[in-house]
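Q: File follows, work.csv with CSV, C-alpha atoms:
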chain,number,residue,atom,x,y,z
A,1,MET,CA,97.7,-125.3,48.2
A,2,ALA,CA,96.6,-125.7,44.6
A,3,ILE,CA,93.8,-128.2,43.8
A,4,LYS,CA,93.6,-130.3,40.6
A,5,ALA,CA,91.2,-128.7,38.2
A,6,PHE,CA,87.7,-130.1,37.8
A,7,THR,CA,88.0,-132.8,40.5
A,8,GLU,CA,85.7,-133.5,43.5
A,9,GLU,CA,88.1,-131.6,45.8
A,10,TRP,CA,88.0,-128.6,43.4
A,11,ALA,CA,84.1,-128.8,43.4
A,12,ASP,CA,84.1,-128.6,47.2
A,13,ALA,CA,86.4,-125.6,47.2
A,14,PHE,CA,84.4,-123.9,44.5
A,15,LYS,CA,81.2,-124.6,46.5
A,16,ASP,CA,82.7,-123.0,49.6
A,17,GLU,CA,83.7,-119.9,47.7
A,18,VAL,CA,80.2,-119.5,46.3
A,19,ASN,CA,78.7,-119.9,49.7
A,20,LYS,CA,81.1,-117.4,51.2
A,21,SER,CA,80.2,-114.7,48.6
A,22,ALA,CA,77.7,-112.1,49.9
A,23,VAL,CA,77.5,-110.7,46.3
A,24,TYR,CA,76.4,-114.1,45.0
A,25,LYS,CA,73.9,-114.5,47.8
A,26,THR,CA,72.2,-111.3,46.9
A,27,ALA,CA,72.4,-111.5,43.1
A,28,ALA,CA,71.2,-115.1,43.0
A,29,LYS,CA,68.2,-114.6,45.2
A,30,GLY,CA,65.2,-116.4,43.6
A,31,TRP,CA,67.4,-118.7,41.4
A,32,LYS,CA,66.1,-122.3,41.6
A,33,TRP,CA,67.6,-124.1,38.6
A,34,THR,CA,70.4,-126.6,38.2
A,35,VAL,CA,73.4,-125.5,36.1
A,36,GLY,CA,75.7,-127.9,34.3
A,37,LEU,CA,79.2,-127.0,33.1
A,38,VAL,CA,80.5,-129.3,30.4
A,39,VAL,CA,84.3,-129.3,30.2
A,40,GLU,CA,85.2,-130.8,26.8
A,41,ALA,CA,88.2,-133.1,26.5
A,42,GLU,CA,91.4,-131.8,25.1
A,43,PRO,CA,93.8,-134.8,25.1
A,44,ASN,CA,96.7,-132.6,23.9
A,45,LYS,CA,96.3,-130.5,27.0
A,46,ASN,CA,96.5,-133.5,29.3
A,47,PHE,CA,92.7,-133.4,29.8
A,48,PRO,CA,91.7,-136.6,28.0
A,49,GLU,CA,88.1,-137.0,29.0
A,50,SER,CA,85.1,-134.6,29.1
A,51,ARG,CA,83.8,-133.9,32.5
A,52,GLY,CA,80.5,-132.4,33.8
A,53,ILE,CA,80.1,-130.2,36.8
A,54,VAL,CA,76.6,-130.3,38.2
A,55,MET,CA,75.6,-127.4,40.3
A,56,ASP,CA,72.5,-127.5,42.5
A,57,LEU,CA,72.0,-123.8,43.2
A,58,PHE,CA,69.1,-122.5,45.1
A,59,ASP,CA,68.1,-119.0,46.2
A,60,GLY,CA,71.6,-117.5,46.6
A,61,ALA,CA,73.4,-120.7,47.8
A,62,ALA,CA,75.2,-123.6,46.4
A,63,ARG,CA,73.5,-126.7,47.9
A,64,ASP,CA,75.8,-129.1,46.0
A,65,ILE,CA,78.4,-129.1,43.4
A,66,LYS,CA,79.6,-132.4,42.0
A,67,VAL,CA,82.0,-133.5,39.2
A,68,GLY,CA,81.0,-136.4,37.1
A,69,PRO,CA,80.4,-137.5,33.5
A,70,ALA,CA,79.5,-134.8,31.0
A,71,ALA,CA,76.2,-136.5,30.4
A,72,ASP,CA,75.1,-135.6,33.9
A,73,ALA,CA,75.8,-132.0,33.4
A,74,GLN,CA,73.9,-132.0,30.1
A,75,LYS,CA,70.7,-132.9,32.0
A,76,CYS,CA,70.7,-129.7,33.9
A,77,ASP,CA,68.2,-126.8,33.4
A,78,PHE,CA,71.1,-124.6,32.1
A,79,VAL,CA,74.1,-126.1,30.4
A,80,ILE,CA,77.3,-124.2,29.5
A,81,THR,CA,79.7,-126.1,27.3
A,82,ALA,CA,83.2,-125.2,26.3
A,83,PRO,CA,86.6,-127.0,25.7
A,84,TYR,CA,89.0,-127.3,28.7
A,85,THR,CA,91.1,-124.4,27.5
A,86,ARG,CA,88.2,-122.0,27.4
A,87,TRP,CA,87.2,-122.9,31.0
A,88,LYS,CA,90.8,-122.4,32.0
A,89,GLU,CA,90.7,-118.9,30.4
A,90,VAL,CA,87.5,-118.1,32.3
A,91,ALA,CA,89.0,-119.3,35.6
A,92,THR,CA,92.2,-117.4,35.1
A,93,LYS,CA,90.3,-114.2,34.1
A,94,GLN,CA,91.6,-114.2,30.6
A,95,LEU,CA,88.1,-114.5,29.3
A,96,ASP,CA,85.0,-112.8,30.6
A,97,ALA,CA,82.2,-115.3,30.7
A,98,THR,CA,79.6,-112.8,29.4
A,99,ARG,CA,81.8,-111.9,26.5
A,100,GLY,CA,82.6,-115.5,26.0
A,101,MET,CA,78.9,-116.4,25.7
A,102,LEU,CA,78.2,-113.5,23.3
A,103,GLN,CA,81.1,-114.6,21.1
A,104,GLY,CA,80.0,-118.2,21.2
A,105,LYS,CA,83.2,-119.3,22.9
A,106,LEU,CA,81.0,-120.7,25.7
A,107,LYS,CA,77.8,-122.3,24.4
A,108,LEU,CA,74.7,-121.8,26.5
A,109,LYS,CA,71.6,-123.9,26.6
A,110,GLY,CA,68.6,-122.9,28.6
A,111,ASP,CA,66.0,-120.2,29.0
A,112,LEU,CA,67.8,-117.0,27.9
A,113,PRO,CA,65.6,-114.4,29.7
A,114,THR,CA,66.3,-116.2,33.0
A,115,ILE,CA,70.0,-116.4,32.6
A,116,VAL,CA,70.1,-112.7,31.5
A,117,ARG,CA,68.1,-111.7,34.5
A,118,TYR,CA,70.9,-113.3,36.7
A,119,THR,CA,73.9,-111.9,34.8
A,120,LYS,CA,75.4,-110.5,38.0
A,121,ALA,CA,75.1,-113.8,39.8
A,122,SER,CA,76.8,-115.6,36.9
A,123,GLN,CA,79.6,-113.0,36.9
A,124,GLU,CA,80.1,-113.5,40.6
A,125,MET,CA,80.1,-117.2,40.2
A,126,THR,CA,82.9,-116.8,37.6
A,127,GLU,CA,84.8,-114.7,40.2
A,128,CYS,CA,84.4,-117.5,42.7
A,129,THR,CA,86.1,-119.9,40.3
A,130,THR,CA,89.1,-117.5,40.1
A,131,ARG,CA,89.5,-117.6,43.9
A,132,VAL,CA,90.1,-121.4,43.9
A,133,PRO,CA,93.9,-122.0,43.6
A,134,VAL,CA,94.1,-124.6,40.7
A,135,GLU,CA,96.7,-127.0,39.4
A,136,TRP,CA,96.1,-127.2,35.7
A,137,PRO,CA,96.7,-130.5,34.0
A,138,ASP,CA,98.5,-128.9,31.0
A,139,GLU,CA,100.9,-127.1,33.3
A,140,LYS,CA,102.3,-130.1,35.1
B,1,MET,CA,21.9,-110.3,6.0
B,2,HIS,CA,25.6,-110.5,6.7
B,3,ASP,CA,27.7,-110.4,3.5
B,4,ALA,CA,30.8,-112.5,4.2
B,5,GLY,CA,32.3,-112.1,0.8
B,6,THR,CA,33.3,-108.5,0.3
B,7,GLY,CA,34.4,-107.2,3.7
B,8,ARG,CA,38.1,-106.3,4.2
B,9,MET,CA,40.1,-108.3,6.7
B,10,ALA,CA,41.5,-106.4,9.7
B,11,ARG,CA,45.2,-105.7,9.1
B,12,ARG,CA,46.3,-107.1,12.4
B,13,LYS,CA,48.5,-110.2,12.0
B,14,VAL,CA,47.6,-113.3,13.8
B,15,LYS,CA,50.4,-115.7,14.3
B,16,ALA,CA,50.3,-119.3,15.5
B,17,ALA,CA,51.9,-119.9,18.8
B,18,ASP,CA,54.7,-122.0,17.3
B,19,GLU,CA,55.3,-119.7,14.4
B,20,GLU,CA,58.8,-118.2,14.3
B,21,LEU,CA,58.8,-114.5,15.0
B,22,VAL,CA,62.5,-114.2,14.5
B,23,THR,CA,64.5,-115.2,11.4
B,24,TYR,CA,68.2,-114.7,10.6
B,25,ALA,CA,69.5,-113.0,7.5
B,26,ASP,CA,72.8,-114.9,7.5
B,27,PRO,CA,73.1,-118.6,6.9
B,28,GLU,CA,75.3,-118.8,9.9
B,29,PRO,CA,74.1,-116.3,12.5
B,30,SER,CA,76.8,-115.2,14.9
B,31,ALA,CA,76.6,-116.3,18.5
B,32,PHE,CA,75.6,-112.8,19.5
B,33,ALA,CA,72.9,-112.7,16.8
B,34,SER,CA,71.5,-116.0,17.9
B,35,MET,CA,71.5,-114.9,21.6
B,36,LEU,CA,69.7,-111.6,20.9
B,37,GLY,CA,67.2,-113.2,18.5
B,38,GLY,CA,66.5,-116.0,21.0
B,39,LEU,CA,66.1,-113.6,23.9
B,40,ILE,CA,63.7,-111.3,22.0
B,41,GLU,CA,61.6,-114.3,20.8
B,42,ALA,CA,61.4,-115.7,24.3
B,43,ASN,CA,60.4,-112.3,25.7
B,44,VAL,CA,57.8,-111.6,23.1
B,45,LYS,CA,56.2,-115.1,23.4
B,46,GLY,CA,56.1,-114.7,27.2
B,47,SER,CA,54.4,-111.3,27.4
B,48,ALA,CA,51.3,-109.9,25.8
B,49,ASP,CA,52.6,-106.3,26.3
B,50,LYS,CA,55.9,-107.1,24.6
B,51,GLN,CA,54.0,-108.8,21.8
B,52,THR,CA,52.0,-105.6,21.2
B,53,ASP,CA,55.2,-103.6,21.1
B,54,PHE,CA,56.8,-106.1,18.8
B,55,ASP,CA,53.7,-106.0,16.5
B,56,ASN,CA,53.9,-102.3,16.3
B,57,LEU,CA,57.6,-101.7,16.0
B,58,VAL,CA,59.1,-100.9,12.6
B,59,ALA,CA,62.7,-99.9,12.9
B,60,ARG,CA,66.3,-101.0,12.2
B,61,VAL,CA,68.2,-101.1,15.4
B,62,GLY,CA,72.0,-101.7,15.4
B,63,ILE,CA,73.8,-103.0,18.5
B,64,TRP,CA,77.6,-102.9,18.5
B,65,VAL,CA,79.4,-104.5,21.4
B,66,THR,CA,82.6,-102.6,21.7
B,67,ASP,CA,84.7,-105.0,23.7
B,68,ILE,CA,84.2,-108.0,21.4
B,69,ASP,CA,84.0,-106.0,18.1
B,70,GLU,CA,80.8,-107.7,17.1
B,71,GLY,CA,77.4,-106.4,16.3
B,72,VAL,CA,74.0,-107.1,14.9
B,73,THR,CA,71.2,-105.3,13.2
B,74,LEU,CA,67.7,-106.0,14.4
B,75,ASP,CA,65.2,-105.3,11.6
B,76,PHE,CA,61.8,-105.0,13.3
B,77,LYS,CA,59.1,-105.3,10.6
B,78,GLY,CA,55.9,-104.9,12.6
B,79,GLY,CA,55.4,-108.4,13.9
B,80,ASP,CA,58.5,-110.0,12.4
B,81,LEU,CA,62.2,-109.6,13.2
B,82,VAL,CA,65.1,-110.3,10.9
B,83,VAL,CA,68.5,-110.4,12.7
B,84,HIS,CA,71.5,-109.6,10.6
B,85,ASN,CA,75.1,-110.3,11.6
B,86,GLY,CA,77.0,-106.9,11.8
B,87,LEU,CA,75.7,-103.4,11.2
B,88,SER,CA,73.5,-103.0,8.1
B,89,ALA,CA,72.7,-99.7,6.4
B,90,LYS,CA,69.7,-97.4,7.1
B,91,ARG,CA,69.6,-98.0,10.9
B,92,THR,CA,67.1,-96.0,12.9
B,93,ILE,CA,69.1,-96.3,16.1
B,94,THR,CA,72.6,-97.7,16.9
B,95,ILE,CA,73.6,-98.6,20.4
B,96,ARG,CA,77.3,-99.0,21.1
B,97,ALA,CA,78.4,-100.3,24.5
B,98,ASP,CA,80.5,-103.1,26.1
B,99,ALA,CA,79.1,-106.5,26.7
B,100,GLU,CA,78.2,-105.8,30.4
B,101,THR,CA,76.3,-102.7,29.5
B,102,VAL,CA,74.3,-104.5,26.7
B,103,MET,CA,73.3,-107.1,29.4
B,104,SER,CA,72.4,-104.2,31.7
B,105,LEU,CA,70.1,-102.8,29.1
B,106,SER,CA,68.2,-106.0,29.0
B,107,ASN,CA,67.9,-105.8,32.8
B,108,LEU,CA,66.3,-102.4,32.9
B,109,ARG,CA,63.0,-102.5,34.7
B,110,ILE,CA,59.9,-101.1,33.0
B,111,GLY,CA,58.0,-98.7,35.1
B,112,PRO,CA,54.7,-96.8,34.8
B,113,LEU,CA,53.6,-95.7,31.3
B,114,GLY,CA,56.0,-98.3,29.9
B,115,LEU,CA,59.1,-96.2,30.5
B,116,PRO,CA,62.4,-97.7,31.5
B,117,VAL,CA,63.3,-97.1,35.1
B,118,TYR,CA,66.6,-95.2,35.5
B,119,PHE,CA,66.5,-94.6,39.2
B,120,ASP,CA,67.2,-98.1,40.6
B,121,GLU,CA,70.7,-99.7,40.7
B,122,THR,CA,70.6,-101.1,37.1
B,123,GLY,CA,69.0,-97.9,35.7
B,124,ARG,CA,71.5,-95.6,37.4
B,125,GLY,CA,74.4,-97.7,36.0
B,126,VAL,CA,73.0,-97.4,32.5
B,127,ALA,CA,72.3,-93.7,32.8
B,128,SER,CA,75.8,-93.1,34.2
B,129,LYS,CA,77.4,-94.9,31.3
B,130,LEU,CA,75.3,-92.9,28.9
B,131,LEU,CA,76.5,-89.6,30.5
B,132,ARG,CA,80.1,-90.7,30.6
B,133,GLY,CA,80.0,-91.8,26.9
B,134,ASN,CA,80.5,-95.5,27.6
B,135,LEU,CA,77.1,-96.1,26.2
B,136,LYS,CA,76.4,-94.3,22.9
B,137,ILE,CA,73.1,-94.2,21.1
B,138,ASP,CA,73.2,-92.7,17.6
B,139,GLY,CA,69.8,-91.4,16.5
B,140,LEU,CA,68.5,-91.2,20.1
B,141,LEU,CA,66.8,-87.8,20.1
B,142,PRO,CA,64.4,-88.2,17.2
B,143,ASN,CA,63.7,-91.8,18.1
B,144,LEU,CA,63.1,-91.8,21.8
B,145,LEU,CA,59.8,-93.6,21.5
B,146,THR,CA,61.4,-96.3,19.3
B,147,LEU,CA,64.2,-96.7,21.9
B,148,ASN,CA,61.6,-97.1,24.7
B,149,ALA,CA,59.8,-99.8,22.7
B,150,VAL,CA,63.0,-101.6,21.9
B,151,THR,CA,64.0,-101.5,25.6
B,152,ARG,CA,60.6,-102.9,26.6
B,153,ILE,CA,61.0,-105.8,24.1
B,154,PHE,CA,64.6,-106.4,25.2
B,155,SER,CA,64.0,-106.2,28.9
B,156,VAL,CA,63.8,-109.5,30.8
B,157,GLN,CA,62.5,-107.8,34.0
Translate the structure of the given file into structure tokens.
A:
Amino acid sequence: MAIKAFTEEWADAFKDEVNKSAVYKTAAKGWKWTVGLVVEAEPNKNFPESRGIVMDLFDGAARDIKVGPAADAQKCDFVITAPYTRWKEVATKQLDATRGMLQGKLKLKGDLPTIVRYTKASQEMTECTTRVPVEWPDEK
Amino acid sequence: MHDAGTGRMARRKVKAADEELVTYADPEPSAFASMLGGLIEANVKGSADKQTDFDNLVARVGIWVTDIDEGVTLDFKGGDLVVHNGLSAKRTITIRADAETVMSLSNLRIGPLGLPVYFDETGRGVASKLLRGNLKIDGLLPNLLTLNAVTRIFSVQ
């Protein structure tokens, strides 16, 4: 059953997918920083308010993933910001996250060498988002 | 008696810790240019070995990312780097690969004698792409030492 995008229920399902992934577990070994995803509002897409996804990731596991205000996500060690439509493109495999960052479609804040060292982990995390069946607010 | 007035200064550049090593040729650097420039600056500031390579490297290195149709030219000037959007003329080396391979290049481990390691998983992946033509390096043969220096500066491992 599809889950409403970027809600607490979605965050729980996403966390389960991350923790089920053997690829992520290996690729993210040694990771010890928080990651915030800022999903910017697009009122014309029925996504009226920005939201923040705060991910407490540690050594190959997702300890916690929560959805809240964008300001919470902006306090994380690494912050990736994009409008709602871009995140939808990532989660539906229309946009590769690595390419998106190189093109500036996803804006990254944080220590670059660290994030580059964990490219494979971030790619697998993107794969995990695609495994969560989502109900998109602009497709209602 | 020591004569302080007439001696020549050593040519080695000494930079303050907060001095910018990387500048951008374009008023609006592309996201890719900013990312590569930022990555190199962080690498060089975080490693004395990389700083030595950076101080000694004089070369113009082009990187073209084939699946996003974007590129940069890294103009290393012996202790300074100017990053240009797109490919500029008179390049020493030009690397052409997809985004994933460009990221793999920066994940190559550096082994003994400062040579990139091509026998671990990442290295084998890069070598295999080179052999299959998915990674092309123009100017490779006469500039192997330059490529090794660039790889060391670029590597986050």
Q: Show me, as a VMD selection string, the residues of chain A whose atoms get within 9 Å of chain B, using only C-alpha atoms for the distance check.
A: chain A and resid 98 to 105 107 111 to 114 116 to 119
Q: For segment 124-132 of chain A, list every protein, DNA or RNA residue within 12 Å, evaluated using all atoms listed in the file, and leave out those in the same chain fewer than 5 positions away; present the list as number ranges by chain.
A: A: 1-6, 9-28, 35, 37, 55, 57, 60-62, 87-98, 100, 118-119
Q: In file coordinates, which residues lie within 6 Å of (71.0, -97.1, 14.2) using only C-alpha atoms, given as a list in words?
A: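 Taken together, the residues in range are Val61, Gly62, Arg91, Thr92, Ile93, Thr94 and Asp138 of chain B.
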Q: Mind writing the picked residues with C-alpha atoms as a JSON list (two decimals), in the coordinates of the input?
A:
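Output file again.json follows:
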[["chain", "number", "residue", "atom", "x", "y", "z"],
["B", 61, "VAL", "CA", 68.20, -101.10, 15.40],
["B", 62, "GLY", "CA", 72.00, -101.70, 15.40],
["B", 91, "ARG", "CA", 69.60, -98.00, 10.90],
["B", 92, "THR", "CA", 67.10, -96.00, 12.90],
["B", 93, "ILE", "CA", 69.10, -96.30, 16.10],
["B", 94, "THR", "CA", 72.60, -97.70, 16.90],
["B", 138, "ASP", "CA", 73.20, -92.70, 17.60]]
Q: Would you mind reading off the distance between atom CA of Gly30 of chain A and atom CA of Gly110 of chain A, one decimal, in Å?
A: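 Taking atom CA of Gly30 of chain A and atom CA of Gly110 of chain A, their separation equals 16.7 Å.
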Q: In Å to one decimal, how far is atom CA of Leu115 of chain B from atom CA of Asn143 of chain B?
A: 13.9 Å
Q: Quick check, in Å to one decimal: how far apart do atom CA of Glu121 of chain B and atom CA of Lys50 of chain B lie?
A: 23.1 Å
Q: B:Thr122, B:Thr146, B:Ser128, B:Asn134: which is nearest Arg60 of chain B, counting only C-alpha atoms?
A: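 Under the stated criterion, the closest residue is B:Thr146.
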Q: Out of B:Leu57, B:Leu141, B:Leu130, B:Ile63, which residue has the shortest atom-to-atom distance to Gly78 of chain B when counting all atoms listed in the file?
A: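 When distances to Gly78 of chain B are compared using all atoms listed in the file, the smallest one comes from B:Leu57.
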Q: From the options A:Gly36, A:Pro43, A:Pro137, A:Gly52, which residue's atoms come nearest to Asp77 of chain A, counting all atoms listed in the file?
A: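 Counting all atoms listed in the file, the residue closest to Asp77 of chain A is A:Gly36.
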Q: Can you pull out every residue within 9 Å of Phe47 of chain A, counting all atoms listed in the file, but drop anything in the same chain fewer than 4 positions away, and send it as a list in words?
A: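 Returned residues: Glu40, Ala41, Glu42, Pro43, Tyr84, Pro137 and Asp138 of chain A.
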Q: My list of candidates is A:Val79, A:Ala70, A:Glu8, A:Arg51. Which is closest to Thr34 of chain A when distances are computed with only C-alpha atoms?
A: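 With only C-alpha atoms as the atom set, the closest residue is A:Val79.
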